[in-house]
file protein_16.cif (mmCIF, C-alpha atoms)
data_work
#
loop_
_atom_site.group_PDB
_atom_site.id
_atom_site.type_symbol
_atom_site.label_atom_id
_atom_site.label_comp_id
_atom_site.auth_asym_id
_atom_site.auth_seq_id
_atom_site.Cartn_x
_atom_site.Cartn_y
_atom_site.Cartn_z
ATOM 1 C CA MET A 1 67.743 88.562 123.824
ATOM 2 C CA ASP A 2 64.772 88.190 121.497
ATOM 3 C CA SER A 3 62.166 90.438 119.886
ATOM 4 C CA ILE A 4 60.196 90.609 123.141
ATOM 5 C CA HIS A 5 63.180 91.402 125.338
ATOM 6 C CA LEU A 6 65.656 93.620 123.500
ATOM 7 C CA SER A 7 69.232 94.061 124.630
ATOM 8 C CA PRO A 8 69.986 97.426 126.304
ATOM 9 C CA ARG A 9 71.671 98.509 123.065
ATOM 10 C CA LEU A 10 68.689 97.789 120.822
ATOM 11 C CA LYS A 11 66.271 99.090 123.464
ATOM 12 C CA ALA A 12 68.106 102.426 123.343
ATOM 13 C CA VAL A 13 67.804 102.461 119.547
ATOM 14 C CA ALA A 14 64.092 101.645 119.799
ATOM 15 C CA ASP A 15 63.535 104.494 122.246
ATOM 16 C CA PHE A 16 64.721 107.010 119.631
ATOM 17 C CA VAL A 17 62.330 105.794 116.903
ATOM 18 C CA PRO A 18 59.427 108.261 116.493
ATOM 19 C CA LEU A 19 55.889 107.106 117.199
ATOM 20 C CA ASN A 20 53.991 105.874 114.112
ATOM 21 C CA ALA A 21 57.149 105.900 112.001
ATOM 22 C CA ARG A 22 57.418 104.028 108.738
ATOM 23 C CA LEU A 23 60.709 102.368 109.507
ATOM 24 C CA ALA A 24 63.492 100.792 107.503
ATOM 25 C CA ASP A 25 65.933 98.742 109.559
ATOM 26 C CA ILE A 26 69.093 98.134 107.560
ATOM 27 C CA GLY A 27 71.201 95.128 108.502
ATOM 28 C CA SER A 28 68.378 93.831 110.650
ATOM 29 C CA ASP A 29 69.564 90.205 111.060
ATOM 30 C CA HIS A 30 66.797 88.565 113.151
ATOM 31 C CA ALA A 31 64.602 91.674 112.837
ATOM 32 C CA TYR A 32 64.332 91.883 116.623
ATOM 33 C CA LEU A 33 64.189 95.686 116.561
ATOM 34 C CA PRO A 34 61.378 96.164 113.996
ATOM 35 C CA VAL A 35 59.432 93.202 115.400
ATOM 36 C CA ASN A 36 59.570 94.697 118.901
ATOM 37 C CA LEU A 37 58.423 98.074 117.599
ATOM 38 C CA LEU A 38 55.563 96.505 115.626
ATOM 39 C CA LEU A 39 54.432 94.377 118.573
ATOM 40 C CA ASN A 40 54.311 97.506 120.734
ATOM 41 C CA ASP A 41 52.447 99.465 118.015
ATOM 42 C CA LYS A 42 55.167 102.100 117.983
ATOM 43 C CA ILE A 43 55.632 101.986 114.196
ATOM 44 C CA SER A 44 53.089 101.592 111.430
ATOM 45 C CA HIS A 45 55.187 99.585 108.975
ATOM 46 C CA ALA A 46 58.681 98.135 108.661
ATOM 47 C CA ILE A 47 61.076 97.485 105.816
ATOM 48 C CA VAL A 48 63.702 94.925 106.819
ATOM 49 C CA GLY A 49 66.823 95.090 104.669
ATOM 50 C CA GLU A 50 69.570 92.476 104.575
ATOM 51 C CA VAL A 51 72.496 91.999 102.208
ATOM 52 C CA ALA A 52 72.845 88.230 102.819
ATOM 53 C CA LYS A 53 70.273 85.436 102.500
ATOM 54 C CA GLY A 54 70.984 83.820 105.880
ATOM 55 C CA PRO A 55 70.142 86.903 107.974
ATOM 56 C CA LEU A 56 67.233 87.631 105.618
ATOM 57 C CA ASP A 57 65.774 84.185 106.318
ATOM 58 C CA ASN A 58 66.226 84.807 110.061
ATOM 59 C CA ALA A 59 64.260 88.044 109.783
ATOM 60 C CA HIS A 60 61.474 86.419 107.742
ATOM 61 C CA HIS A 61 61.213 83.590 110.266
ATOM 62 C CA GLU A 62 60.908 86.012 113.197
ATOM 63 C CA LEU A 63 58.242 88.114 111.484
ATOM 64 C CA LYS A 64 56.275 85.000 110.539
ATOM 65 C CA LYS A 65 56.526 83.603 114.083
ATOM 66 C CA ARG A 66 55.105 86.870 115.469
ATOM 67 C CA HIS A 67 52.364 87.041 112.767
ATOM 68 C CA LEU A 68 53.691 90.353 111.445
ATOM 69 C CA LEU A 69 54.354 89.629 107.764
ATOM 70 C CA GLU A 70 51.402 91.797 106.718
ATOM 71 C CA ARG A 71 52.985 94.803 108.434
ATOM 72 C CA ALA A 72 56.522 94.371 107.124
ATOM 73 C CA ASP A 73 58.492 93.757 103.956
ATOM 74 C CA VAL A 74 61.706 91.727 103.985
ATOM 75 C CA ARG A 75 64.131 92.524 101.176
ATOM 76 C CA LEU A 76 67.502 91.264 100.003
ATOM 77 C CA ALA A 77 69.446 94.377 99.033
ATOM 78 C CA SER A 78 72.565 96.362 99.783
ATOM 79 C CA GLY A 79 72.012 99.162 102.278
ATOM 80 C CA LEU A 80 69.350 101.730 101.481
ATOM 81 C CA ALA A 81 68.626 100.089 98.123
ATOM 82 C CA ALA A 82 66.150 97.989 100.129
ATOM 83 C CA ILE A 83 63.882 101.051 100.287
ATOM 84 C CA ASN A 84 61.574 102.068 97.444
ATOM 85 C CA ASP A 85 60.083 105.545 97.020
ATOM 86 C CA THR A 86 56.593 104.071 97.341
ATOM 87 C CA ASP A 87 57.427 102.731 100.823
ATOM 88 C CA ASN A 88 57.156 106.273 102.227
ATOM 89 C CA VAL A 89 59.842 105.478 104.785
ATOM 90 C CA ASP A 90 60.515 108.396 107.122
ATOM 91 C CA THR A 91 62.871 106.746 109.629
ATOM 92 C CA VAL A 92 65.964 104.611 109.096
ATOM 93 C CA THR A 93 67.795 102.627 111.764
ATOM 94 C CA ILE A 94 71.285 101.212 111.234
ATOM 95 C CA ALA A 95 72.753 99.457 114.269
ATOM 96 C CA GLY A 96 75.648 97.179 115.080
ATOM 97 C CA MET A 97 78.037 98.187 112.290
ATOM 98 C CA GLY A 98 81.244 100.164 112.185
ATOM 99 C CA GLY A 99 80.952 103.895 111.714
ATOM 100 C CA ILE A 100 82.782 103.829 108.377
ATOM 101 C CA LEU A 101 80.380 101.225 106.993
ATOM 102 C CA ILE A 102 77.363 103.188 108.243
ATOM 103 C CA SER A 103 78.693 106.330 106.562
ATOM 104 C CA ASN A 104 79.318 104.401 103.330
ATOM 105 C CA ILE A 105 75.747 103.060 103.383
ATOM 106 C CA LEU A 106 74.382 106.561 103.904
ATOM 107 C CA ASN A 107 76.631 107.949 101.160
ATOM 108 C CA ALA A 108 75.430 105.336 98.697
ATOM 109 C CA GLY A 109 71.846 106.240 99.565
ATOM 110 C CA LYS A 110 72.590 109.934 99.092
ATOM 111 C CA GLN A 111 73.887 109.200 95.598
ATOM 112 C CA GLN A 112 70.555 107.517 94.905
ATOM 113 C CA GLU A 113 68.843 110.690 96.199
ATOM 114 C CA LYS A 114 67.459 108.868 99.215
ATOM 115 C CA THR A 115 66.825 111.251 102.122
ATOM 116 C CA PHE A 116 64.872 110.407 105.254
ATOM 117 C CA LYS A 117 63.458 112.624 107.970
ATOM 118 C CA THR A 118 64.988 110.712 110.889
ATOM 119 C CA LEU A 119 68.122 108.591 111.234
ATOM 120 C CA VAL A 120 68.853 106.513 114.328
ATOM 121 C CA LEU A 121 72.403 105.201 114.144
ATOM 122 C CA GLN A 122 74.387 102.948 116.461
ATOM 123 C CA PRO A 123 77.982 102.634 115.284
ATOM 124 C CA ASN A 124 80.195 100.103 117.050
ATOM 125 C CA THR A 125 83.274 102.169 116.194
ATOM 126 C CA ASP A 126 84.250 105.501 114.605
ATOM 127 C CA GLU A 127 81.359 107.501 116.015
ATOM 128 C CA GLN A 128 83.203 110.676 115.036
ATOM 129 C CA ILE A 129 82.993 109.715 111.350
ATOM 130 C CA VAL A 130 79.226 109.222 111.629
ATOM 131 C CA ARG A 131 78.739 112.604 113.305
ATOM 132 C CA ARG A 132 80.890 114.295 110.679
ATOM 133 C CA TRP A 133 78.838 112.694 107.900
ATOM 134 C CA LEU A 134 75.606 113.912 109.461
ATOM 135 C CA THR A 135 76.752 117.511 109.805
ATOM 136 C CA THR A 136 78.137 117.659 106.270
ATOM 137 C CA GLN A 137 74.999 116.114 104.747
ATOM 138 C CA ASP A 138 72.421 118.487 106.233
ATOM 139 C CA TYR A 139 71.406 116.488 109.279
ATOM 140 C CA GLN A 140 71.377 117.728 112.849
ATOM 141 C CA ILE A 141 71.867 115.541 115.897
ATOM 142 C CA ILE A 142 68.896 115.938 118.246
ATOM 143 C CA ASP A 143 69.776 113.390 120.921
ATOM 144 C CA GLU A 144 72.337 110.801 121.958
ATOM 145 C CA THR A 145 72.805 108.164 124.601
ATOM 146 C CA ILE A 146 75.524 105.742 125.613
ATOM 147 C CA ILE A 147 74.961 102.174 126.804
ATOM 148 C CA GLN A 148 77.291 99.613 128.328
ATOM 149 C CA GLU A 149 76.847 95.889 127.723
ATOM 150 C CA GLU A 150 79.466 93.874 129.593
ATOM 151 C CA SER A 151 82.797 95.444 128.571
ATOM 152 C CA HIS A 152 81.462 97.144 125.444
ATOM 153 C CA PHE A 153 80.209 100.709 125.120
ATOM 154 C CA TYR A 154 77.689 101.723 122.460
ATOM 155 C CA GLU A 155 76.661 105.220 121.411
ATOM 156 C CA ILE A 156 73.261 105.802 119.810
ATOM 157 C CA ILE A 157 72.777 108.935 117.724
ATOM 158 C CA ALA A 158 69.418 110.362 116.609
ATOM 159 C CA ALA A 159 69.401 112.929 113.812
ATOM 160 C CA VAL A 160 66.843 114.761 111.686
ATOM 161 C CA VAL A 161 67.078 116.832 108.532
ATOM 162 C CA GLY A 162 68.511 120.260 109.349
ATOM 163 C CA GLU A 163 71.696 122.270 109.614
ATOM 164 C CA GLN A 164 74.151 122.032 112.500
ATOM 165 C CA GLN A 165 77.691 123.080 113.245
ATOM 166 C CA LEU A 166 79.707 120.988 115.658
ATOM 167 C CA SER A 167 83.090 121.599 117.243
ATOM 168 C CA GLU A 168 85.865 119.024 117.020
ATOM 169 C CA LEU A 169 85.117 118.007 120.612
ATOM 170 C CA ASP A 170 81.434 117.580 119.716
ATOM 171 C CA LEU A 171 82.380 115.291 116.836
ATOM 172 C CA ILE A 172 84.653 113.148 118.999
ATOM 173 C CA PHE A 173 82.663 112.988 122.227
ATOM 174 C CA GLY A 174 79.118 113.875 121.116
ATOM 175 C CA PRO A 175 77.395 117.260 121.557
ATOM 176 C CA TYR A 176 74.924 115.825 124.073
ATOM 177 C CA LEU A 177 77.031 113.077 125.633
ATOM 178 C CA ARG A 178 79.899 115.342 126.633
ATOM 179 C CA VAL A 179 77.503 117.777 128.306
ATOM 180 C CA GLU A 180 75.465 115.126 130.128
ATOM 181 C CA LYS A 181 78.673 113.321 131.134
ATOM 182 C CA THR A 182 76.955 110.235 132.541
ATOM 183 C CA ALA A 183 78.841 107.629 134.545
ATOM 184 C CA THR A 184 78.787 105.340 131.498
ATOM 185 C CA PHE A 185 80.269 108.075 129.316
ATOM 186 C CA VAL A 186 83.050 108.705 131.830
ATOM 187 C CA ALA A 187 83.726 104.964 132.134
ATOM 188 C CA LYS A 188 84.119 104.634 128.356
ATOM 189 C CA TRP A 189 86.634 107.433 128.104
ATOM 190 C CA GLN A 190 88.463 106.394 131.244
ATOM 191 C CA LYS A 191 88.960 102.996 129.628
ATOM 192 C CA GLU A 192 90.296 104.725 126.513
ATOM 193 C CA SER A 193 92.662 106.790 128.685
ATOM 194 C CA GLU A 194 94.044 103.606 130.178
ATOM 195 C CA ARG A 195 94.586 102.173 126.703
ATOM 196 C CA ILE A 196 96.468 105.308 125.639
ATOM 197 C CA ALA A 197 98.622 105.126 128.785
ATOM 198 C CA LEU A 198 99.772 101.675 127.645
ATOM 199 C CA ILE A 199 100.623 103.117 124.233
ATOM 200 C CA PHE A 200 102.688 105.815 125.957
ATOM 201 C CA ASN A 201 104.674 103.113 127.754
ATOM 202 C CA GLN A 202 105.275 101.215 124.528
ATOM 203 C CA LEU A 203 106.448 104.332 122.685
ATOM 204 C CA LYS A 204 108.741 105.324 125.542
ATOM 205 C CA ALA A 205 110.233 101.824 125.668
ATOM 206 C CA ALA A 206 110.936 102.085 121.928
ATOM 207 C CA GLY A 207 112.608 105.479 122.375
ATOM 208 C CA LYS A 208 109.805 107.263 120.517
ATOM 209 C CA SER A 209 108.619 109.720 123.179
ATOM 210 C CA ASP A 210 109.793 112.672 121.057
ATOM 211 C CA THR A 211 107.814 111.850 117.920
ATOM 212 C CA ASP A 212 104.700 113.143 116.154
ATOM 213 C CA THR A 213 102.958 109.874 116.987
ATOM 214 C CA TYR A 214 103.558 110.348 120.702
ATOM 215 C CA ARG A 215 102.400 113.967 120.552
ATOM 216 C CA GLN A 216 99.209 112.971 118.712
ATOM 217 C CA TRP A 217 98.385 110.432 121.417
ATOM 218 C CA GLN A 218 99.232 113.036 124.057
ATOM 219 C CA LEU A 219 96.742 115.454 122.482
ATOM 220 C CA ARG A 220 94.067 112.748 122.476
ATOM 221 C CA TYR A 221 94.781 111.896 126.093
ATOM 222 C CA ASN A 222 94.613 115.551 127.138
ATOM 223 C CA GLN A 223 91.304 116.023 125.295
ATOM 224 C CA ILE A 224 89.790 113.081 127.144
ATOM 225 C CA GLN A 225 90.985 114.285 130.529
ATOM 226 C CA ALA A 226 89.601 117.770 129.895
ATOM 227 C CA VAL A 227 86.189 116.375 128.921
ATOM 228 C CA ILE A 228 85.739 113.835 131.721
ATOM 229 C CA SER A 229 87.241 115.880 134.543
#
call {"tool": "encode", "arguments": {"input": "protein_16.cif", "output": "structure tokens"}}
result
Amino acid sequence: MDSIHLSPRLKAVADFVPLNARLADIGSDHAYLPVNLLLNDKISHAIVGEVAKGPLDNAHHELKKRHLLERADVRLASGLAAINDTDNVDTVTIAGMGGILISNILNAGKQQEKTFKTLVLQPNTDEQIVRRWLTTQDYQIIDETIIQEESHFYEIIAAVVGEQQLSELDLIFGPYLRVEKTATFVAKWQKESERIALIFNQLKAAGKSDTDTYRQWQLRYNQIQAVIS
């Protein structure tokens, strides 16, 4: 993968970025995503935020190599602190982090009164926590997709400012994903079902089949089966 040829995961994130956006990519590492979007004239400007110097240097090197430094700013900062009011950023992408960390970054930005029209988020884990944050912080999910890379599954969530109420199943499985029910979506949750089946066996072997823990896993398993069937 490089900035010319994005991975399927980053390509899916890029597809959700609005045309002519002023983008901030938080935790950008090599800046492959913003560089690709700039090279394809999909965005007008990019802020590249990194919390560590090594990844920041990688991003600067990539932008310089592609002759894009005049159309981007590279900043060493924690989370959304990389964005200034004068940047007029309307779209933020955060990809490749855990859902709890993404929610913490967004919370910290909220405390700094930073609100952006569009968020494109790709949590590696805890997608439910990200969706819950969005719906409690006056964002509405407008689209989702799920991508498989080797044995890993990645969900990409696009949200804009607005109100939305989601059911518990929507939070867990995604309001769009569980309706579209693609083969990739089913494969992800089938894999999770198989993992839970192993947990059942372990609990039974330990004589814990009549416990709250077992019943909680049973509820999870039943939810999955109802959604993917």
call {"tool": "residues_around", "arguments": {"input": "protein_16.cif", "residues": "Ala81 of chain A", "least_positions_apart": "3", "cutoff": "9 Å", "atoms": "only C-alpha atoms", "output": "MDAnalysis selection string"}}
result
chainID A and resid 49 77:78 84 108:109 112 114
call {"tool": "atom_distance", "arguments": {"input": "protein_16.cif", "atom1": "atom CA of Glu62 of chain A", "atom2": "atom CA of Thr91 of chain A"}}
result
21.1 Å
call {"tool": "resolve_selection", "arguments": {"input": "protein_16.cif", "expression": "the PyMOL selection byres ((chain A and resi 193) around 10)", "output": "VMD selection string"}}
result
chain A and resid 187 to 192 194 to 199 217 220 to 225
call {"tool": "write_last_selection", "arguments": {"input": "protein_16.cif", "atoms": "C-alpha atoms", "output": "CSV table (one decimal), in the frame of the given file"}}
result
chain,number,residue,atom,x,y,z
A,187,ALA,CA,83.7,105.0,132.1
A,188,LYS,CA,84.1,104.6,128.4
A,189,TRP,CA,86.6,107.4,128.1
A,190,GLN,CA,88.5,106.4,131.2
A,191,LYS,CA,89.0,103.0,129.6
A,192,GLU,CA,90.3,104.7,126.5
A,194,GLU,CA,94.0,103.6,130.2
A,195,ARG,CA,94.6,102.2,126.7
A,196,ILE,CA,96.5,105.3,125.6
A,197,ALA,CA,98.6,105.1,128.8
A,198,LEU,CA,99.8,101.7,127.6
A,199,ILE,CA,100.6,103.1,124.2
A,217,TRP,CA,98.4,110.4,121.4
A,220,ARG,CA,94.1,112.7,122.5
A,221,TYR,CA,94.8,111.9,126.1
A,222,ASN,CA,94.6,115.6,127.1
A,223,GLN,CA,91.3,116.0,125.3
A,224,ILE,CA,89.8,113.1,127.1
A,225,GLN,CA,91.0,114.3,130.5
call {"tool": "residues_around", "arguments": {"input": "protein_16.cif", "residues": "Leu19 of chain A", "least_positions_apart": "5", "cutoff": "12 Å", "atoms": "only C-alpha atoms", "output": "list of chain:residue names"}}
result
A:Ala14, A:Leu37, A:Leu38, A:Asn40, A:Asp41, A:Lys42, A:Ile43, A:Ser44, A:His45, A:Asp90, A:Thr91, A:Thr118
call {"tool": "residues_around", "arguments": {"input": "protein_16.cif", "residues": "Asp2 of chain A", "least_positions_apart": "6", "cutoff": "10 Å", "atoms": "only C-alpha atoms", "output": "list in words"}}
result
His30, Ala31, Tyr32, Leu33, Val35, Asn36 and Glu62 of chain A
call {"tool": "closest_residue", "arguments": {"input": "protein_16.cif", "among": "A:Leu56, A:Leu10, A:Val17, A:Leu80", "to": "Ala95 of chain A", "atoms": "all atoms listed in the file"}}
result
A:Leu10
call {"tool": "atom_distance", "arguments": {"input": "protein_16.cif", "atom1": "atom CA of Asn20 of chain A", "atom2": "atom CA of Glu113 of chain A"}}
result
23.8 Å
call {"tool": "residues_around", "arguments": {"input": "protein_16.cif", "residues": "Gln137 of chain A", "least_positions_apart": "4", "cutoff": "12 Å", "atoms": "only C-alpha atoms", "output": "list in words"}}
result
Ser103, Leu106, Asn107, Gly109, Lys110, Gln111, Glu113, Lys114, Thr115, Phe116, Val130, Arg131, Arg132, Trp133, Ile141, Ala159, Val160, Val161, Gly162, Glu163, Gln164 and Gln165 of chain A
call {"tool": "axis_aligned_box", "arguments": {"input": "protein_16.cif", "around": "segment 26-44 of chain A", "padding_each_side": "8 Å", "output": "JSON"}}
result
{"center_x": 61.8, "center_y": 95.3, "center_z": 114.1, "size_x": 34.8, "size_y": 29.5, "size_z": 29.2}
call {"tool": "resolve_selection", "arguments": {"input": "protein_16.cif", "expression": "the PyMOL selection byres ((chain A and resi 98-100) around 8)", "output": "PDB file with C-alpha atoms, in the coordinates of the input"}}
result
ATOM      1  CA  GLY A  96      75.648  97.179 115.080  1.00  0.00           C
ATOM      2  CA  MET A  97      78.037  98.187 112.290  1.00  0.00           C
ATOM      3  CA  LEU A 101      80.380 101.225 106.993  1.00  0.00           C
ATOM      4  CA  ILE A 102      77.363 103.188 108.243  1.00  0.00           C
ATOM      5  CA  SER A 103      78.693 106.330 106.562  1.00  0.00           C
ATOM      6  CA  ASN A 104      79.318 104.401 103.330  1.00  0.00           C
ATOM      7  CA  PRO A 123      77.982 102.634 115.284  1.00  0.00           C
ATOM      8  CA  ASN A 124      80.195 100.103 117.050  1.00  0.00           C
ATOM      9  CA  THR A 125      83.274 102.169 116.194  1.00  0.00           C
ATOM     10  CA  ASP A 126      84.250 105.501 114.605  1.00  0.00           C
ATOM     11  CA  GLU A 127      81.359 107.501 116.015  1.00  0.00           C
ATOM     12  CA  GLN A 128      83.203 110.676 115.036  1.00  0.00           C
ATOM     13  CA  ILE A 129      82.993 109.715 111.350  1.00  0.00           C
ATOM     14  CA  VAL A 130      79.226 109.222 111.629  1.00  0.00           C
TER      15      VAL A 130
END
call {"tool": "closest_residue", "arguments": {"input": "protein_16.cif", "among": "A:Pro8, A:Pro34, A:Gly174, A:Gly207", "to": "Val92 of chain A", "atoms": "all atoms listed in the file"}}
result
A:Pro34
call {"tool": "resolve_selection", "arguments": {"input": "protein_16.cif", "expression": "the PyMOL selection byres ((chain A and resi 158) around 9)", "output": "list in words"}}
result
Val13, Phe16, Val17, Thr118, Leu119, Val120, Leu121, Gln122, Gln140, Ile141, Ile142, Asp143, Glu144, Thr145, Ile156, Ile157, Ala159 and Val160 of chain A
call {"tool": "atom_distance", "arguments": {"input": "protein_16.cif", "atom1": "atom CA of Asp73 of chain A", "atom2": "atom CA of Asp57 of chain A"}}
result
12.3 Å
call {"tool": "residues_near_point", "arguments": {"input": "protein_16.cif", "point": "(79.3, 114.2, 128.6)", "cutoff": "12 Å", "atoms": "all atoms listed in the file", "output": "ChimeraX atom specification"}}
result
/A:144-146,155,169-170,172-189,224-229
